[in-house]
>>> print(open('protein-v2.txt').read())   # compact mmCIF, C-alpha atoms
# COMPACT_ATOMS: atom_id res chain seq x y z
CA MET A 6 -9.88 -13.26 -21.74
CA LYS A 7 -10.85 -13.53 -18.08
CA GLU A 8 -13.78 -15.75 -17.14
CA LEU A 9 -17.15 -14.47 -15.92
CA GLN A 10 -17.10 -13.53 -12.23
CA SER A 11 -20.09 -13.78 -9.88
CA ASN A 12 -18.71 -11.35 -7.28
CA ILE A 13 -16.62 -8.17 -7.53
CA LEU A 14 -14.33 -9.52 -4.80
CA HIS A 15 -13.28 -12.28 -7.18
CA CYS A 16 -11.79 -9.56 -9.38
CA ILE A 17 -9.16 -8.68 -6.79
CA GLY A 18 -5.59 -9.62 -7.72
CA ASP A 19 -4.10 -11.18 -10.86
CA THR A 20 -3.00 -7.71 -12.01
CA SER A 21 -0.69 -6.97 -14.92
CA LEU A 22 3.10 -6.59 -14.80
CA LEU A 23 4.31 -3.88 -17.18
CA ALA A 24 7.81 -3.05 -18.44
CA LEU A 25 8.46 0.69 -18.41
CA ARG A 26 9.56 1.99 -21.83
CA ASN A 27 10.72 5.57 -21.24
CA VAL A 28 11.22 6.06 -17.52
CA VAL A 29 14.17 3.69 -17.48
CA PRO A 30 17.76 3.63 -16.20
CA ALA A 31 20.54 4.62 -18.59
CA ASN A 32 22.40 1.33 -18.09
CA GLY A 33 19.84 -0.81 -19.89
CA SER A 34 18.44 -2.64 -16.87
CA ARG A 35 14.71 -3.29 -16.77
CA ILE A 36 12.01 -1.90 -14.46
CA LEU A 37 8.71 -3.78 -14.19
CA LEU A 38 5.66 -2.18 -12.59
CA LYS A 39 2.93 -4.25 -10.94
CA LEU A 40 -0.30 -2.47 -11.92
CA GLU A 41 -2.31 -2.65 -8.71
CA ASN A 42 -4.56 0.12 -10.03
CA GLU A 43 -6.35 -2.70 -11.89
CA ASN A 44 -7.98 -3.86 -8.65
CA PRO A 45 -11.68 -2.92 -8.19
CA THR A 46 -11.07 0.23 -6.11
CA GLY A 47 -7.88 1.10 -8.00
CA SER A 48 -5.55 0.09 -5.18
CA MET A 49 -3.41 -2.81 -3.97
CA LYS A 50 -5.16 -2.44 -0.60
CA ASP A 51 -8.10 -4.43 -1.98
CA ARG A 52 -5.93 -7.50 -1.48
CA MET A 53 -5.20 -6.90 2.19
CA ALA A 54 -8.71 -5.72 3.07
CA LEU A 55 -10.19 -8.95 1.74
CA ALA A 56 -7.53 -11.05 3.48
CA MET A 57 -8.13 -9.41 6.86
CA ILE A 58 -11.91 -9.76 6.69
CA GLU A 59 -11.91 -13.36 5.44
CA ALA A 60 -9.38 -14.44 8.09
CA ALA A 61 -11.58 -12.90 10.79
CA GLU A 62 -14.66 -14.61 9.36
CA ALA A 63 -12.87 -17.95 9.30
CA ASP A 64 -11.76 -17.91 12.94
CA GLY A 65 -14.91 -16.31 14.38
CA ARG A 66 -13.58 -12.86 15.30
CA LEU A 67 -16.10 -11.38 12.83
CA LYS A 68 -19.62 -12.77 13.15
CA ALA A 69 -22.31 -12.70 10.46
CA GLU A 70 -24.15 -9.93 12.33
CA GLY A 71 -20.95 -8.06 13.23
CA SER A 72 -19.51 -4.71 12.24
CA VAL A 73 -16.00 -3.46 11.42
CA VAL A 74 -13.87 -0.47 12.44
CA GLU A 75 -10.53 0.79 11.12
CA TYR A 76 -8.24 3.85 11.03
CA THR A 77 -6.91 4.69 7.57
CA GLY A 78 -5.29 7.25 5.32
CA GLY A 79 -7.86 6.38 2.73
CA SER A 80 -6.92 3.51 0.44
CA THR A 81 -7.37 0.81 3.08
CA GLY A 82 -10.64 2.47 4.04
CA VAL A 83 -11.94 2.46 0.48
CA SER A 84 -10.94 -1.19 0.09
CA LEU A 85 -12.59 -2.17 3.37
CA SER A 86 -15.67 -0.19 2.34
CA LEU A 87 -15.89 -2.29 -0.82
CA VAL A 88 -15.42 -5.60 0.98
CA CYS A 89 -17.88 -4.70 3.76
CA ALA A 90 -20.47 -3.44 1.26
CA VAL A 91 -20.38 -6.73 -0.64
CA LYS A 92 -20.41 -8.85 2.50
CA GLY A 93 -22.99 -6.72 4.34
CA TYR A 94 -20.98 -5.50 7.35
CA PRO A 95 -21.49 -1.97 8.73
CA LEU A 96 -18.14 -0.14 8.66
CA HIS A 97 -16.88 2.72 10.85
CA ILE A 98 -13.80 4.49 9.44
CA VAL A 99 -11.52 6.86 11.37
CA THR A 100 -9.62 9.05 8.90
CA SER A 101 -8.41 12.64 8.49
CA ASP A 102 -8.62 15.78 6.41
CA ALA A 103 -4.90 15.23 5.65
CA PHE A 104 -5.87 12.71 3.00
CA ALA A 105 -7.32 13.07 -0.47
CA ARG A 106 -10.96 14.14 -0.57
CA GLU A 107 -11.66 11.59 -3.33
CA LYS A 108 -10.87 8.74 -0.95
CA LEU A 109 -13.17 10.08 1.76
CA GLU A 110 -16.03 10.51 -0.71
CA HIS A 111 -15.45 7.03 -2.15
CA MET A 112 -15.74 5.50 1.32
CA LYS A 113 -19.00 7.32 2.00
CA ILE A 114 -20.46 6.27 -1.36
CA LEU A 115 -19.71 2.64 -0.48
CA GLY A 116 -21.62 3.05 2.79
CA ALA A 117 -18.92 3.62 5.41
CA GLN A 118 -19.51 5.92 8.39
CA LEU A 119 -16.61 8.39 8.65
CA GLN A 120 -15.07 10.01 11.71
CA ILE A 121 -12.66 12.80 10.72
CA VAL A 122 -9.59 13.60 12.85
CA ARG A 123 -8.21 17.06 12.13
CA SER A 124 -4.61 17.34 10.95
CA GLU A 125 -1.90 19.98 11.24
CA SER A 126 -2.04 21.92 7.94
CA GLY A 127 -3.10 18.84 5.98
CA ARG A 128 0.14 16.97 6.66
CA MET A 129 0.81 13.41 7.82
CA THR A 130 2.49 13.28 11.25
CA GLU A 131 3.16 10.72 13.97
CA LYS A 132 0.65 12.46 16.24
CA LEU A 133 -2.08 12.21 13.60
CA THR A 134 -1.43 8.49 13.10
CA ARG A 135 -1.57 7.80 16.83
CA ASP A 136 -4.69 9.95 17.31
CA MET A 137 -6.49 8.00 14.57
CA ILE A 138 -5.46 4.66 16.05
CA GLU A 139 -6.71 5.65 19.50
CA ALA A 140 -10.02 6.90 18.10
CA ALA A 141 -10.54 3.57 16.30
CA ARG A 142 -9.69 1.63 19.46
CA ILE A 143 -12.31 3.55 21.40
CA VAL A 144 -14.96 2.86 18.75
CA ALA A 145 -14.10 -0.86 18.81
CA VAL A 146 -14.44 -1.00 22.61
CA GLU A 147 -17.68 0.98 22.72
CA THR A 148 -19.42 -0.83 19.84
CA GLY A 149 -17.94 -4.31 20.03
CA SER A 150 -16.93 -4.05 16.38
CA PHE A 151 -14.16 -6.15 14.87
CA TRP A 152 -11.10 -3.89 14.62
CA THR A 153 -8.96 -4.82 11.63
CA ASP A 154 -6.05 -2.81 13.14
CA GLN A 155 -3.94 -2.81 9.99
CA MET A 156 -0.72 -1.69 11.70
CA ASN A 157 -0.66 -4.94 13.72
CA ASN A 158 -2.70 -7.34 11.57
CA LYS A 159 -0.56 -10.17 10.15
CA ASP A 160 -3.48 -11.71 8.25
CA GLN A 161 -2.78 -9.28 5.42
CA LEU A 162 0.64 -10.83 4.75
CA ALA A 163 -1.06 -13.70 2.91
CA ALA A 164 -2.43 -11.24 0.36
CA TYR A 165 1.07 -10.06 -0.49
CA HIS A 166 2.47 -13.58 -0.59
CA GLN A 167 -0.02 -14.12 -3.40
CA MET A 168 1.08 -10.90 -5.14
CA ALA A 169 4.68 -12.14 -5.03
CA GLU A 170 3.64 -15.44 -6.61
CA GLU A 171 2.04 -13.48 -9.45
CA ILE A 172 5.17 -11.34 -9.88
CA TRP A 173 7.50 -14.34 -9.99
CA THR A 174 5.37 -16.11 -12.58
CA GLN A 175 4.85 -13.00 -14.74
CA ALA A 176 8.57 -12.16 -14.68
CA SER A 177 9.44 -15.75 -15.63
CA GLY A 178 11.57 -16.06 -12.54
CA ARG A 179 13.81 -13.10 -13.45
CA VAL A 180 13.67 -10.75 -10.48
CA ASP A 181 16.89 -9.22 -9.15
CA GLY A 182 15.35 -6.50 -7.01
CA PHE A 183 12.03 -5.53 -5.43
CA VAL A 184 11.18 -2.00 -4.30
CA GLN A 185 8.20 -0.94 -2.21
CA SER A 186 7.21 2.02 -0.03
CA VAL A 187 6.37 1.39 3.63
CA GLY A 188 3.01 2.17 5.20
CA THR A 189 2.12 -0.73 7.47
CA ALA A 190 5.16 -2.59 6.02
CA ALA A 191 2.94 -5.57 5.14
CA SER A 192 3.30 -5.28 1.35
CA LEU A 193 7.10 -4.99 1.49
CA ARG A 194 7.39 -7.78 4.04
CA GLY A 195 4.88 -10.22 2.53
CA THR A 196 6.07 -9.77 -1.05
CA GLY A 197 9.73 -9.78 -0.05
CA GLU A 198 9.42 -12.95 2.02
CA THR A 199 7.98 -14.93 -0.87
CA LEU A 200 10.34 -13.55 -3.51
CA ARG A 201 13.29 -14.46 -1.29
CA ARG A 202 12.08 -18.05 -1.14
CA TYR A 203 12.59 -18.17 -4.89
CA ASN A 204 15.79 -16.11 -5.00
CA ALA A 205 17.73 -15.68 -1.78
CA GLN A 206 19.99 -13.08 -3.45
CA ILE A 207 17.20 -10.70 -4.45
CA ARG A 208 17.75 -7.09 -3.30
CA ILE A 209 14.82 -5.72 -1.32
CA VAL A 210 14.57 -1.93 -0.99
CA ALA A 211 12.17 -0.08 1.33
CA VAL A 212 11.05 3.47 0.51
CA GLU A 213 10.16 6.14 3.09
CA PRO A 214 9.52 9.90 2.99
CA ALA A 215 12.75 11.91 3.30
CA GLU A 216 10.85 14.34 5.52
CA SER A 217 10.12 11.56 8.06
CA PRO A 218 12.92 8.98 7.71
CA VAL A 219 12.32 7.02 10.91
CA LEU A 220 13.06 3.58 9.43
CA SER A 221 16.58 4.68 8.51
CA GLY A 222 17.20 6.27 11.90
CA GLY A 223 16.08 9.84 11.19
CA GLN A 224 13.67 12.12 12.99
CA THR A 225 9.91 11.96 12.61
CA GLY A 226 8.44 14.76 10.51
CA ALA A 227 5.53 15.88 8.34
CA HIS A 228 5.10 14.93 4.67
CA LYS A 229 2.42 14.65 1.99
CA ILE A 230 2.90 11.20 0.47
CA ASP A 231 -0.45 9.52 1.14
CA GLY A 232 -0.43 6.02 2.58
CA ILE A 233 3.19 5.73 3.72
CA GLY A 234 5.44 7.17 6.42
CA ALA A 235 3.47 6.75 9.65
CA GLY A 236 6.05 8.79 11.55
CA TYR A 237 7.28 5.95 13.75
CA VAL A 238 8.65 2.43 13.26
CA VAL A 239 5.50 0.41 12.56
CA PRO A 240 4.95 -2.97 14.31
CA LEU A 241 5.09 -5.11 11.14
CA TRP A 242 8.45 -3.67 10.10
CA GLN A 243 11.39 -6.10 10.26
CA LYS A 244 14.89 -4.75 9.69
CA ASP A 245 16.15 -7.91 8.00
CA ILE A 246 13.57 -7.82 5.21
CA ALA A 247 15.15 -4.79 3.47
CA ASP A 248 18.74 -4.60 2.25
CA ARG A 249 18.45 -0.85 1.90
CA ILE A 250 16.11 2.02 2.77
CA GLU A 251 15.71 4.82 0.22
CA ARG A 252 14.56 8.28 1.24
CA VAL A 253 12.37 10.14 -1.29
CA THR A 254 10.98 13.65 -0.81
CA THR A 255 7.35 14.54 -1.40
CA GLU A 256 8.38 16.83 -4.25
CA GLU A 257 10.50 14.11 -5.90
CA ALA A 258 7.57 11.68 -5.68
CA LYS A 259 5.14 14.21 -7.15
CA ALA A 260 7.50 15.02 -10.01
CA MET A 261 7.83 11.35 -10.87
CA THR A 262 4.05 10.91 -11.02
CA VAL A 263 4.02 13.61 -13.71
CA ARG A 264 6.78 11.82 -15.64
CA LEU A 265 4.93 8.52 -15.44
CA ALA A 266 1.76 10.14 -16.75
CA ARG A 267 3.40 12.01 -19.61
CA GLU A 268 6.03 9.46 -20.65
CA GLU A 269 4.32 6.14 -19.86
CA GLY A 270 0.61 7.02 -19.84
CA LEU A 271 0.38 5.82 -16.21
CA PHE A 272 -1.58 8.03 -13.80
CA ALA A 273 -0.43 7.02 -10.33
CA GLY A 274 -0.33 8.32 -6.76
CA THR A 275 2.72 9.76 -5.02
CA SER A 276 3.75 6.52 -3.30
CA THR A 277 4.16 5.02 -6.78
CA GLY A 278 6.32 7.98 -7.75
CA GLY A 279 8.55 7.25 -4.76
CA ASN A 280 8.72 3.59 -5.72
CA VAL A 281 9.89 4.32 -9.25
CA ILE A 282 12.54 6.79 -8.08
CA ALA A 283 13.96 4.17 -5.71
CA ALA A 284 13.74 1.49 -8.41
CA LEU A 285 15.81 3.67 -10.77
CA ARG A 286 18.42 4.11 -8.04
CA LEU A 287 18.60 0.36 -7.42
CA ALA A 288 18.84 -0.33 -11.16
CA GLU A 289 21.91 1.89 -11.41
CA GLN A 290 23.52 -0.05 -8.56
CA LEU A 291 22.76 -3.52 -9.95
CA GLY A 292 23.87 -2.68 -13.48
CA PRO A 293 22.95 -3.82 -17.01
CA GLY A 294 20.76 -6.89 -17.37
CA ALA A 295 19.10 -6.54 -13.97
CA THR A 296 15.32 -6.72 -13.55
CA ILE A 297 13.77 -4.55 -10.85
CA VAL A 298 10.11 -4.94 -9.86
CA THR A 299 8.15 -2.25 -8.06
CA VAL A 300 4.48 -1.45 -7.50
CA MET A 301 1.96 0.99 -8.90
CA CYS A 302 0.14 1.11 -5.57
CA ASP A 303 -2.95 2.92 -6.81
CA THR A 304 -4.47 5.18 -9.43
CA GLY A 305 -3.85 8.91 -9.50
CA MET A 306 -7.60 9.42 -9.83
CA LYS A 307 -7.68 9.19 -6.03
CA TYR A 308 -5.57 12.35 -5.70
CA LEU A 309 -6.99 14.95 -8.08
CA SER A 310 -7.81 17.28 -5.19
CA LYS A 311 -4.23 17.08 -3.88
>>> encode(input="protein-v2.txt", output="C-alpha cells")
Amino acid sequence: MKELQSNILHCIGDTSLLALRNVVPANGSRILLKLENENPTGSMKDRMALAMIEAAEADGRLKAEGSVVEYTGGSTGVSLSLVCAVKGYPLHIVTSDAFAREKLEHMKILGAQLQIVRSESGRMTEKLTRDMIEAARIVAVETGSFWTDQMNNKDQLAAYHQMAEEIWTQASGRVDGFVQSVGTAASLRGTGETLRRYNAQIRIVAVEPAESPVLSGGQTGAHKIDGIGAGYVVPLWQKDIADRIERVTTEEAKAMTVRLAREEGLFAGTSTGGNVIAALRLAEQLGPGATIVTVMCDTGMKYLSK
C-alpha cells in the first residue's frame, strides 16, 4: 500500500511493470510492459514535464512569478498543464488539430491557454512540427515566458534515468532488450543509457512510423501515430543509443492496440501498439528465455475521438 501523498506531483512515477500473458512471442520469451498510464494524467510525459519545470526552477530560468510556453502533440501539454496548475504558473500551449481532441480539452480544463496550428488533413508532418515550434518561439520572445522546448531540453533525461532504475529493480536485473518509440528521443535515450550501465549487452530498439522513417534513412511523410515521428531527425537523437530501428505502420499500431485491449485488458494509445509490435520482433530475434521491456506510453482514453 502506497503512503499518503500531500501533492499530486508526488504520485508521478513508480509505475507497475506487467508481464503480457497472451500477446506474446511463440518462442517463449517474455515481454514486460511498463504501465506509464498509471501516472496522474495517464502518460509517461508526467515524468519529463515535472523534470523540466523543476530544473528550470532550481537554476532560476523559471521565476516564481513566471509563465511557461511549449509546443506539443498533446501528452506533454497535458502533463505540463498539470504541473503548472499545481505550481501556479500560467501556461501557453501551441498544438494542432492533428492531435486527439481529448488531449486538447484536458489541457484547457487544467487551465492552459491553447493556440491551434492547422494541419494537413489531420496528419502529423515535418512542416506541422516546425510550424508549432516557431509559433512557440515567438510566444516565448513576446511574453518572456520560460520555453520548455522539449525537442532540445536535456533536463528531461533525468526523468527517464529514474524510469530505468525502476525497470531494472522490478525486473530483478533480467532485461535483455528495451524497446521504445521516438518522439523527442528523450525516453529512449534516457532509459537506454541507464539500462546499459547495468547491462552493456542489452539490445536497444527504437520505433518510428513506417510512413515517415527518417531515423532509418527514409523520406519524411505523414502518419497518425500521436506523439512520435516528428518528420525529421530530432536534436536529442543519438545513433549509438539504438542497435536497431523498427518501422511500424499506423495501421499495424492501431491493430495492436485492439489486441492489447481484447487479449490483455490494456487500453493504450497507438505509440504503445507500435512498441509492442517491435518488442515481439525483437523477442523472436533474441530467442527463448529473453526478457524484453517496452512501455505503455499512455492510456487509450486520450484517443477515443481518433
>>> residues_around(input="protein-v2.txt", residues="segment 56-62 of chain A", least_positions_apart="4", cutoff="8 Å", atoms="all atoms listed in the file", output="ChimeraX atom specification")
/A:52,66-69,88,153,158,160-161,163-164
>>> closest_atom_pairs(input="protein-v2.txt", of="segment 290-309 of chain A", to="segment 20-26 of chain A", cutoff="12 Å", atoms="all atoms listed in the file", output="JSON lines")
{"residue": "A:Thr296", "atom": "CA", "partner": "A:Ala24", "partner_atom": "CA", "distance": 9.7}
{"residue": "A:Ile297", "atom": "CA", "partner": "A:Ala24", "partner_atom": "CA", "distance": 9.8}
{"residue": "A:Val298", "atom": "CA", "partner": "A:Leu22", "partner_atom": "CA", "distance": 8.7}
{"residue": "A:Thr299", "atom": "CA", "partner": "A:Leu22", "partner_atom": "CA", "distance": 9.5}
{"residue": "A:Val300", "atom": "CA", "partner": "A:Leu22", "partner_atom": "CA", "distance": 9.0}
{"residue": "A:Met301", "atom": "CA", "partner": "A:Leu22", "partner_atom": "CA", "distance": 9.7}
{"residue": "A:Cys302", "atom": "CA", "partner": "A:Thr20", "partner_atom": "CA", "distance": 11.4}
{"residue": "A:Asp303", "atom": "CA", "partner": "A:Thr20", "partner_atom": "CA", "distance": 11.8}
>>> residues_around(input="protein-v2.txt", residues="Arg202 of chain A", least_positions_apart="2", cutoff="12 Å", atoms="all atoms listed in the file", output="PyMOL selection string")
chain A and resi 166+169-170+173+178+180+195-200+204-207
>>> residues_around(input="protein-v2.txt", residues="Lys7 of chain A", least_positions_apart="2", cutoff="12 Å", atoms="only C-alpha atoms", output="PyMOL selection string")
chain A and resi 9-10+15-16+19-20
>>> closest_residue(input="protein-v2.txt", among="A:Ala63, A:Val74, A:Ala140, A:Ser84", to="Ile17 of chain A", atoms="all atoms listed in the file")
A:Ser84
>>> residues_around(input="protein-v2.txt", residues="Ile209 of chain A", least_positions_apart="5", cutoff="10 Å", atoms="all atoms listed in the file", output="mmCIF file with C-alpha atoms, in the frame of the given file")
data_model
loop_
_atom_site.group_PDB
_atom_site.id
_atom_site.type_symbol
_atom_site.label_atom_id
_atom_site.label_comp_id
_atom_site.auth_asym_id
_atom_site.auth_seq_id
_atom_site.Cartn_x
_atom_site.Cartn_y
_atom_site.Cartn_z
ATOM 1 C CA ASP A 181 16.890 -9.220 -9.150
ATOM 2 C CA GLY A 182 15.350 -6.500 -7.010
ATOM 3 C CA PHE A 183 12.030 -5.530 -5.430
ATOM 4 C CA VAL A 184 11.180 -2.000 -4.300
ATOM 5 C CA GLN A 185 8.200 -0.940 -2.210
ATOM 6 C CA LEU A 193 7.100 -4.990 1.490
ATOM 7 C CA ARG A 194 7.390 -7.780 4.040
ATOM 8 C CA THR A 196 6.070 -9.770 -1.050
ATOM 9 C CA GLY A 197 9.730 -9.780 -0.050
ATOM 10 C CA GLU A 198 9.420 -12.950 2.020
ATOM 11 C CA LEU A 200 10.340 -13.550 -3.510
ATOM 12 C CA ARG A 201 13.290 -14.460 -1.290
ATOM 13 C CA ASP A 245 16.150 -7.910 8.000
ATOM 14 C CA ILE A 246 13.570 -7.820 5.210
ATOM 15 C CA ALA A 247 15.150 -4.790 3.470
ATOM 16 C CA ASP A 248 18.740 -4.600 2.250
ATOM 17 C CA ARG A 249 18.450 -0.850 1.900
ATOM 18 C CA ILE A 250 16.110 2.020 2.770
ATOM 19 C CA LEU A 287 18.600 0.360 -7.420
ATOM 20 C CA ILE A 297 13.770 -4.550 -10.850
ATOM 21 C CA VAL A 298 10.110 -4.940 -9.860
#
>>> atom_distance(input="protein-v2.txt", atom1="atom CA of Ala54 of chain A", atom2="atom CA of Ala235 of chain A")
18.6 Å
>>> closest_residue(input="protein-v2.txt", among="A:Gly18, A:Gly116, A:Gly93, A:Gly78", to="Gly188 of chain A", atoms="all atoms listed in the file")
A:Gly78
>>> closest_atom_pairs(input="protein-v2.txt", of="segment 207-297 of chain A", to="segment 100-106 of chain A", cutoff="10 Å", atoms="all atoms listed in the file", output="JSON lines")
{"residue": "A:Lys229", "atom": "CA", "partner": "A:Ala103", "partner_atom": "CA", "distance": 8.2}
{"residue": "A:Ile230", "atom": "CA", "partner": "A:Phe104", "partner_atom": "CA", "distance": 9.3}
{"residue": "A:Asp231", "atom": "CA", "partner": "A:Phe104", "partner_atom": "CA", "distance": 6.6}
{"residue": "A:Gly232", "atom": "CA", "partner": "A:Phe104", "partner_atom": "CA", "distance": 8.6}
>>> closest_residue(input="protein-v2.txt", among="A:Ala145, A:Ala90, A:Leu55, A:Ile233", to="Leu162 of chain A", atoms="all atoms listed in the file")
A:Leu55
>>> build_atoms(input="protein-v2.txt", residues="segment 135-145 of chain A", atoms="all heavy atoms", output="PDB file, in the coordinates of the input")
ATOM      1  N   ARG A 135      -1.242   8.342  15.500  1.00  0.00           N
ATOM      2  CA  ARG A 135      -1.570   7.800  16.830  1.00  0.00           C
ATOM      3  C   ARG A 135      -2.959   8.248  17.290  1.00  0.00           C
ATOM      4  O   ARG A 135      -3.685   7.479  17.936  1.00  0.00           O
ATOM      5  CB  ARG A 135      -0.489   8.193  17.829  1.00  0.00           C
ATOM      6  CG  ARG A 135       0.865   7.555  17.524  1.00  0.00           C
ATOM      7  CD  ARG A 135       1.842   7.716  18.676  1.00  0.00           C
ATOM      8  NE  ARG A 135       3.159   7.195  18.376  1.00  0.00           N
ATOM      9  CZ  ARG A 135       3.494   5.903  18.438  1.00  0.00           C
ATOM     10  NH1 ARG A 135       2.598   4.988  18.765  1.00  0.00           N
ATOM     11  NH2 ARG A 135       4.739   5.516  18.163  1.00  0.00           N
ATOM     12  N   ASP A 136      -3.344   9.478  16.951  1.00  0.00           N
ATOM     13  CA  ASP A 136      -4.690   9.950  17.310  1.00  0.00           C
ATOM     14  C   ASP A 136      -5.764   9.134  16.597  1.00  0.00           C
ATOM     15  O   ASP A 136      -6.806   8.794  17.188  1.00  0.00           O
ATOM     16  CB  ASP A 136      -4.846  11.425  16.930  1.00  0.00           C
ATOM     17  CG  ASP A 136      -4.101  12.361  17.881  1.00  0.00           C
ATOM     18  OD1 ASP A 136      -3.642  11.894  18.938  1.00  0.00           O
ATOM     19  OD2 ASP A 136      -3.972  13.560  17.538  1.00  0.00           O
ATOM     20  N   MET A 137      -5.531   8.802  15.323  1.00  0.00           N
ATOM     21  CA  MET A 137      -6.490   8.000  14.570  1.00  0.00           C
ATOM     22  C   MET A 137      -6.596   6.590  15.140  1.00  0.00           C
ATOM     23  O   MET A 137      -7.698   6.037  15.274  1.00  0.00           O
ATOM     24  CB  MET A 137      -6.079   7.961  13.090  1.00  0.00           C
ATOM     25  CG  MET A 137      -6.273   9.275  12.356  1.00  0.00           C
ATOM     26  SD  MET A 137      -5.402   9.318  10.759  1.00  0.00           S
ATOM     27  CE  MET A 137      -6.057   7.853   9.960  1.00  0.00           C
ATOM     28  N   ILE A 138      -5.461   6.009  15.479  1.00  0.00           N
ATOM     29  CA  ILE A 138      -5.460   4.660  16.050  1.00  0.00           C
ATOM     30  C   ILE A 138      -6.247   4.632  17.367  1.00  0.00           C
ATOM     31  O   ILE A 138      -7.066   3.736  17.602  1.00  0.00           O
ATOM     32  CB  ILE A 138      -4.021   4.163  16.266  1.00  0.00           C
ATOM     33  CG1 ILE A 138      -3.340   3.922  14.921  1.00  0.00           C
ATOM     34  CG2 ILE A 138      -4.002   2.888  17.110  1.00  0.00           C
ATOM     35  CD1 ILE A 138      -1.853   3.612  15.020  1.00  0.00           C
ATOM     36  N   GLU A 139      -6.014   5.611  18.221  1.00  0.00           N
ATOM     37  CA  GLU A 139      -6.710   5.650  19.500  1.00  0.00           C
ATOM     38  C   GLU A 139      -8.211   5.839  19.315  1.00  0.00           C
ATOM     39  O   GLU A 139      -9.019   5.213  20.015  1.00  0.00           O
ATOM     40  CB  GLU A 139      -6.140   6.785  20.368  1.00  0.00           C
ATOM     41  CG  GLU A 139      -6.826   6.965  21.710  1.00  0.00           C
ATOM     42  CD  GLU A 139      -6.787   5.744  22.616  1.00  0.00           C
ATOM     43  OE1 GLU A 139      -5.998   4.796  22.351  1.00  0.00           O
ATOM     44  OE2 GLU A 139      -7.538   5.722  23.617  1.00  0.00           O
ATOM     45  N   ALA A 140      -8.593   6.688  18.358  1.00  0.00           N
ATOM     46  CA  ALA A 140     -10.020   6.900  18.100  1.00  0.00           C
ATOM     47  C   ALA A 140     -10.679   5.599  17.624  1.00  0.00           C
ATOM     48  O   ALA A 140     -11.803   5.273  18.039  1.00  0.00           O
ATOM     49  CB  ALA A 140     -10.207   7.992  17.051  1.00  0.00           C
ATOM     50  N   ALA A 141      -9.996   4.849  16.774  1.00  0.00           N
ATOM     51  CA  ALA A 141     -10.540   3.570  16.300  1.00  0.00           C
ATOM     52  C   ALA A 141     -10.650   2.566  17.441  1.00  0.00           C
ATOM     53  O   ALA A 141     -11.624   1.804  17.530  1.00  0.00           O
ATOM     54  CB  ALA A 141      -9.671   3.016  15.174  1.00  0.00           C
ATOM     55  N   ARG A 142      -9.659   2.553  18.319  1.00  0.00           N
ATOM     56  CA  ARG A 142      -9.690   1.630  19.460  1.00  0.00           C
ATOM     57  C   ARG A 142     -10.901   1.904  20.342  1.00  0.00           C
ATOM     58  O   ARG A 142     -11.591   0.968  20.780  1.00  0.00           O
ATOM     59  CB  ARG A 142      -8.404   1.780  20.282  1.00  0.00           C
ATOM     60  CG  ARG A 142      -8.284   0.764  21.426  1.00  0.00           C
ATOM     61  CD  ARG A 142      -7.188   1.145  22.403  1.00  0.00           C
ATOM     62  NE  ARG A 142      -7.515   2.376  23.123  1.00  0.00           N
ATOM     63  CZ  ARG A 142      -8.361   2.418  24.160  1.00  0.00           C
ATOM     64  NH1 ARG A 142      -8.967   1.313  24.591  1.00  0.00           N
ATOM     65  NH2 ARG A 142      -8.602   3.565  24.770  1.00  0.00           N
ATOM     66  N   ILE A 143     -11.171   3.179  20.563  1.00  0.00           N
ATOM     67  CA  ILE A 143     -12.310   3.550  21.400  1.00  0.00           C
ATOM     68  C   ILE A 143     -13.623   3.103  20.757  1.00  0.00           C
ATOM     69  O   ILE A 143     -14.515   2.557  21.430  1.00  0.00           O
ATOM     70  CB  ILE A 143     -12.316   5.075  21.644  1.00  0.00           C
ATOM     71  CG1 ILE A 143     -11.138   5.468  22.549  1.00  0.00           C
ATOM     72  CG2 ILE A 143     -13.635   5.520  22.259  1.00  0.00           C
ATOM     73  CD1 ILE A 143     -10.919   6.949  22.673  1.00  0.00           C
ATOM     74  N   VAL A 144     -13.750   3.304  19.453  1.00  0.00           N
ATOM     75  CA  VAL A 144     -14.960   2.860  18.750  1.00  0.00           C
ATOM     76  C   VAL A 144     -15.129   1.351  18.883  1.00  0.00           C
ATOM     77  O   VAL A 144     -16.234   0.849  19.138  1.00  0.00           O
ATOM     78  CB  VAL A 144     -14.915   3.266  17.263  1.00  0.00           C
ATOM     79  CG1 VAL A 144     -16.066   2.626  16.489  1.00  0.00           C
ATOM     80  CG2 VAL A 144     -14.954   4.783  17.111  1.00  0.00           C
ATOM     81  N   ALA A 145     -14.030   0.602  18.716  1.00  0.00           N
ATOM     82  CA  ALA A 145     -14.100  -0.860  18.810  1.00  0.00           C
ATOM     83  C   ALA A 145     -14.571  -1.302  20.194  1.00  0.00           C
ATOM     84  O   ALA A 145     -15.405  -2.207  20.326  1.00  0.00           O
ATOM     85  CB  ALA A 145     -12.734  -1.463  18.493  1.00  0.00           C
TER      86      ALA A 145
END
